[in-house]
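> Here it is: the structure, laid out below.
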Amino acid sequence: MKRLLGFGILGFLATGCFTPQTAIPVHEPVRTTAASPLSAKPIPATKSNVQQVQATTNTPSDVLVTKPNYTQLETLPIDLSTVIRLVDEQSPVVAFAQAKVREAEANLEKAEVQWLPNLTVGMAYNRFDGQTQNQRGEIFSVSRANLFGGGGPALAIDTSEAIFRPLIQRRLTSAEQRNSQAVSAQQELDAVSGYLDLLQLTMALEINAQTVSQAQEMLKAALNAKEAKLDRSAGDVNRAQSEVLIRQAERLDLQAKAASASARLSRLLLLPPNVKLVPGTITVAPITLIDPNSSLDQLIEIALNNRPDLAASRDRISAAWTKVRQQQTAPLMPKVVVANQTGSFGGGLDSDLRKFDTRNALSVQLFWEVRNLGFGNRADVREKRAQLDQANYQLLDSQAKASADIVEAAAMAVNKAETLELAQQAVKEATELYRINKDGTSNLVDTKNLFDALRPLQAIQLLHNARQQYLTAVIDYNRSQFRLFTLLGNPVREANREQAKSN
């Protein structure tokens with residue numbers, strides 16, 4: 001009879017699987033009655049108050065702390081597609097890069113209209129009193145005034161600038177466009193990484209909830225065994241109770257980390273600070289974005305040809321080389337100044353303004369300039385060549401870094417794939433051990449038919465750790481795939497679009 005009672009007590013472990021629970025119990029924060037966080041008046045330090053504080057300090061188990069009301073946040077479900085869309089639309093870093101593109105486009109437009117003259121319209125008044133000198137050298141006094149009203153076109157152009165500046169600005173505009181693409185891709189990767197952090201912590205809370213439930217069942221069985229005097233040792237209940245408390249404390253820590261991950265992701269997406277982000281769908285599965293049959297040399301070649309930041313560096317090199325050519329040909333390119341003013345002119349002695357009639361003044365200048373007897377031009381050429389060398393060295397450094405990043409990311413992806421396989425197998429083994437402890441009740445008692453809390457506790461802990469490791473392995477594998485995909489020069493939104501099609 002005792003053996004049957006022992007077997008009945010020990011059938012307690014709930015069936016566990018990696019499928020997450022859909023609901024997580026959330027305790028609402030206790031609201032404080034103060035009108036504002038700063039409205040409470042300080043309590044005067046009296047002798048009785050000091051004694052009360054000392055007594056409370058010496059007995060921490062009796063301390064009661066009201067849960068702060070400022071932790072209330074508005075819950076907002078979010079998925080990966082929304083994260084990518086919001087970071088593209090709202091990220092200030094992306095918006096800044098796009099503004100730099102618009103600035104470059106405006107500079108290009110100005111460079112292309114240099115051949116067009118400026119138009120001026122206005123009036124000019126002139127008054128002269130005192131000594132002056134005529135062409136014969138005679139000195140005499142005069143008092144006169146005149147007024148001119150009119151305007152016309154004026155063009156002052158350096159043909160070297162007019163020819164080379166649009167070429168340079170086109171390359172710089174292209175560089176800013178490429179740089180904007182690189183910035184967007186990096187921000188998308190950062191946002192995806194933040195979302196994966198949030199998803200991992202949320203899923204960890206689901207695993208924790210299952211483990212807490214299993215530990216509570218074990219505690220209940222230990223209490224029943226103790227009441228029926230079937231417990232193997234006096235510490236079985238304490239062992240089970242400790243496991244429950246440890247997992248509950250772990251849950252609080254995970255909730256705090258999830259709140260931090262939500263705040264970091266909200267900052268990246270420029271969302272209101274009082275929003276608590278939660279994954280809309282709590283599923284974790286490996287995502288493969290890179291063909292596993294690709295060789296390392298192929299990946300490096302793709303990155304060097306496809307990376308927008310490297311393309312931007314090549315555009316800056318082209319612009320720097322054009323600047324060298326401009327300085328080399330500058331002394332041979334003429335400067336042109338053309339001005340034509342048409343209007344009405346009139347004047348007279350003293351302040352008398354009359355005899356107004358039409359007036360037209362045209363002037364044309366064409367000249368060449370050799371700066372500082374040619375030494376200034378030679379220095380300009382050397383300066384531009386040095387800038388070209390800098391751009392070339394920056395590209396070499398960027399290419400070397402890109403290649404190293406690919407090697408590192410590829411090695412990480414391979415490592416995470418192998419870790420994923422091991423972690424998946426570990427979950428299967430831990431699940432089987434859990435099943436044995438649940439179904440094979442003879443393993444839960446010793447030779448004297450007494451309840452043994454250590455074995456089910458070890459099964460619960462092993463299954464919990466295996467699930468957490470598998471979760472970490474999946475998240476790390478997905479993160480390595482997204483990183484490698486971005487390092488190859490692809491924006492994350494394309495990967496998400498392909499995943500949506502495949503699903």
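Residue names in the structure tokens use chain letters A, B, ... in the order shown, residue numbers from 1 in each chain, and ligand numbers from 1 in the order shown.
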Output as number ranges by chain all residues of region 278-503 of chain A that backbone DSSP marks as alpha helix (DSSP H).
A: 296-306, 308-329, 375-439, 454-487, 492-502
> Find the residue from A:Ala459, A:Ala404, A:Leu310, A:Ala361 that sits nearest to Gln341 (chain A); use only C-alpha atoms when measuring.
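Closest to Gln341 (chain A), using only C-alpha atoms: A:Ala361.
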> Give the strand (DSSP E) residues of region 228-410 of chain A, as DSSP finds them on the backbone, and put them as a VMD selection string.
chain A and resid 275 to 279 335 to 349 354 to 367
> Please provide as a PyMOL selection string all residues within 9 Å of Thr288 (chain A), with the sequence filter that same-chain residues fewer than 4 positions apart are discarded (counting only C-alpha atoms).
chain A and resi 292+477-478+481-482
> Next, the residues of the selection above should be written as a tab-separated table (two decimals), in the first residue's frame with all heavy atoms.

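Output below, filename again-v5.tsv:
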chain	number	residue	atom	x	y	z
A	292	PRO	N	25.01	27.80	-47.76
A	292	PRO	CA	26.09	27.11	-47.03
A	292	PRO	C	27.15	26.52	-47.93
A	292	PRO	O	28.25	26.17	-47.46
A	292	PRO	CB	25.33	26.01	-46.26
A	292	PRO	CG	24.07	25.81	-47.02
A	292	PRO	CD	23.71	27.13	-47.60
A	477	TYR	N	22.87	32.09	-33.89
A	477	TYR	CA	22.97	31.66	-35.29
A	477	TYR	C	22.27	32.67	-36.20
A	477	TYR	O	22.83	33.07	-37.24
A	477	TYR	CB	22.35	30.28	-35.45
A	477	TYR	CG	22.32	29.80	-36.89
A	477	TYR	CD1	23.46	29.31	-37.50
A	477	TYR	CD2	21.14	29.86	-37.64
A	477	TYR	CE1	23.44	28.88	-38.83
A	477	TYR	CE2	21.11	29.44	-38.96
A	477	TYR	CZ	22.25	28.95	-39.54
A	477	TYR	OH	22.23	28.55	-40.86
A	478	ASN	N	21.07	33.07	-35.81
A	478	ASN	CA	20.34	34.05	-36.63
A	478	ASN	C	21.07	35.38	-36.69
A	478	ASN	O	21.15	36.02	-37.75
A	478	ASN	CB	18.94	34.26	-36.07
A	478	ASN	CG	18.06	33.03	-36.24
A	478	ASN	OD1	18.40	32.11	-36.98
A	478	ASN	ND2	16.94	33.00	-35.55
A	481	GLN	N	23.89	35.11	-39.11
A	481	GLN	CA	23.41	35.11	-40.49
A	481	GLN	C	23.08	36.52	-40.96
A	481	GLN	O	23.44	36.94	-42.06
A	481	GLN	CB	22.18	34.20	-40.61
A	481	GLN	CG	22.50	32.72	-40.54
A	481	GLN	CD	23.21	32.22	-41.79
A	481	GLN	OE1	22.72	32.36	-42.91
A	481	GLN	NE2	24.37	31.61	-41.60
A	482	PHE	N	22.39	37.27	-40.13
A	482	PHE	CA	22.04	38.65	-40.49
A	482	PHE	C	23.31	39.50	-40.64
A	482	PHE	O	23.40	40.34	-41.56
A	482	PHE	CB	21.12	39.27	-39.43
A	482	PHE	CG	19.67	38.91	-39.61
A	482	PHE	CD1	19.02	38.12	-38.67
A	482	PHE	CD2	18.95	39.35	-40.69
A	482	PHE	CE1	17.69	37.77	-38.82
A	482	PHE	CE2	17.62	39.02	-40.86
A	482	PHE	CZ	16.99	38.22	-39.92
> What's the 8 Å shell around Arg359 (chain A), counting only C-alpha atoms, without same-chain residues fewer than 4 positions away, as number ranges by chain?
A: 341-345
> Pick out the residues sitting within 9 Å of Val492 (chain A), and hand them over as a list in words; count only C-alpha atoms, and ignore anything fewer than 5 positions along from it in its own chain.
Ile84, Ala185, Gln186, Glu188, Leu189, Val192, Phe482, Arg483, Phe485, Thr486 and Arg497 of chain A
> Env of Leu271 (chain A): 9 Å cut, atoms = only C-alpha atoms, seq-sep filter 5 positions within chain, self excluded. Answer as a ChimeraX atom specification.
/A:86,90,265-266
> Enter the distance from CA of Ala473 (chain A) to CA of Gln458 (chain A), in Å, rounded to one decimal.
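Atom-to-atom, CA of Ala473 (chain A) to CA of Gln458 (chain A), that is 22.0 Å.
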> Might you pull out every residue within 12 Å of Ala99 (chain A), with only C-alpha atoms counted and same-chain residues fewer than 6 positions away left off, and present them as number ranges by chain?
A: 92-93, 105-106, 173, 176-177, 179-180
> Tell me, in Å to one decimal, how far CA of Arg385 (chain A) is from CA of Glu109 (chain A).
26.2 Å
> Select, from A:Leu277, A:Leu487, A:Ala330, A:Ala410, the residue with the minimum atom-to-atom distance to Asn293 (chain A), counting only C-alpha atoms.
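That would be A:Ala410, the residue with the smallest distance to Asn293 (chain A).
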> Using only C-alpha atoms, which residue out of A:Leu223, A:Pro153, A:Asn305, A:Asn146 lies closest to Val121 (chain A)?
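Comparing A:Leu223, A:Pro153, A:Asn305, A:Asn146 against Val121 (chain A), the winner is A:Pro153.
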> Measure the distance from CA of Arg378 (chain A) to CA of Gln327 (chain A) in Å and round it to one decimal.
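Interatomic distance here is 8.2 Å.
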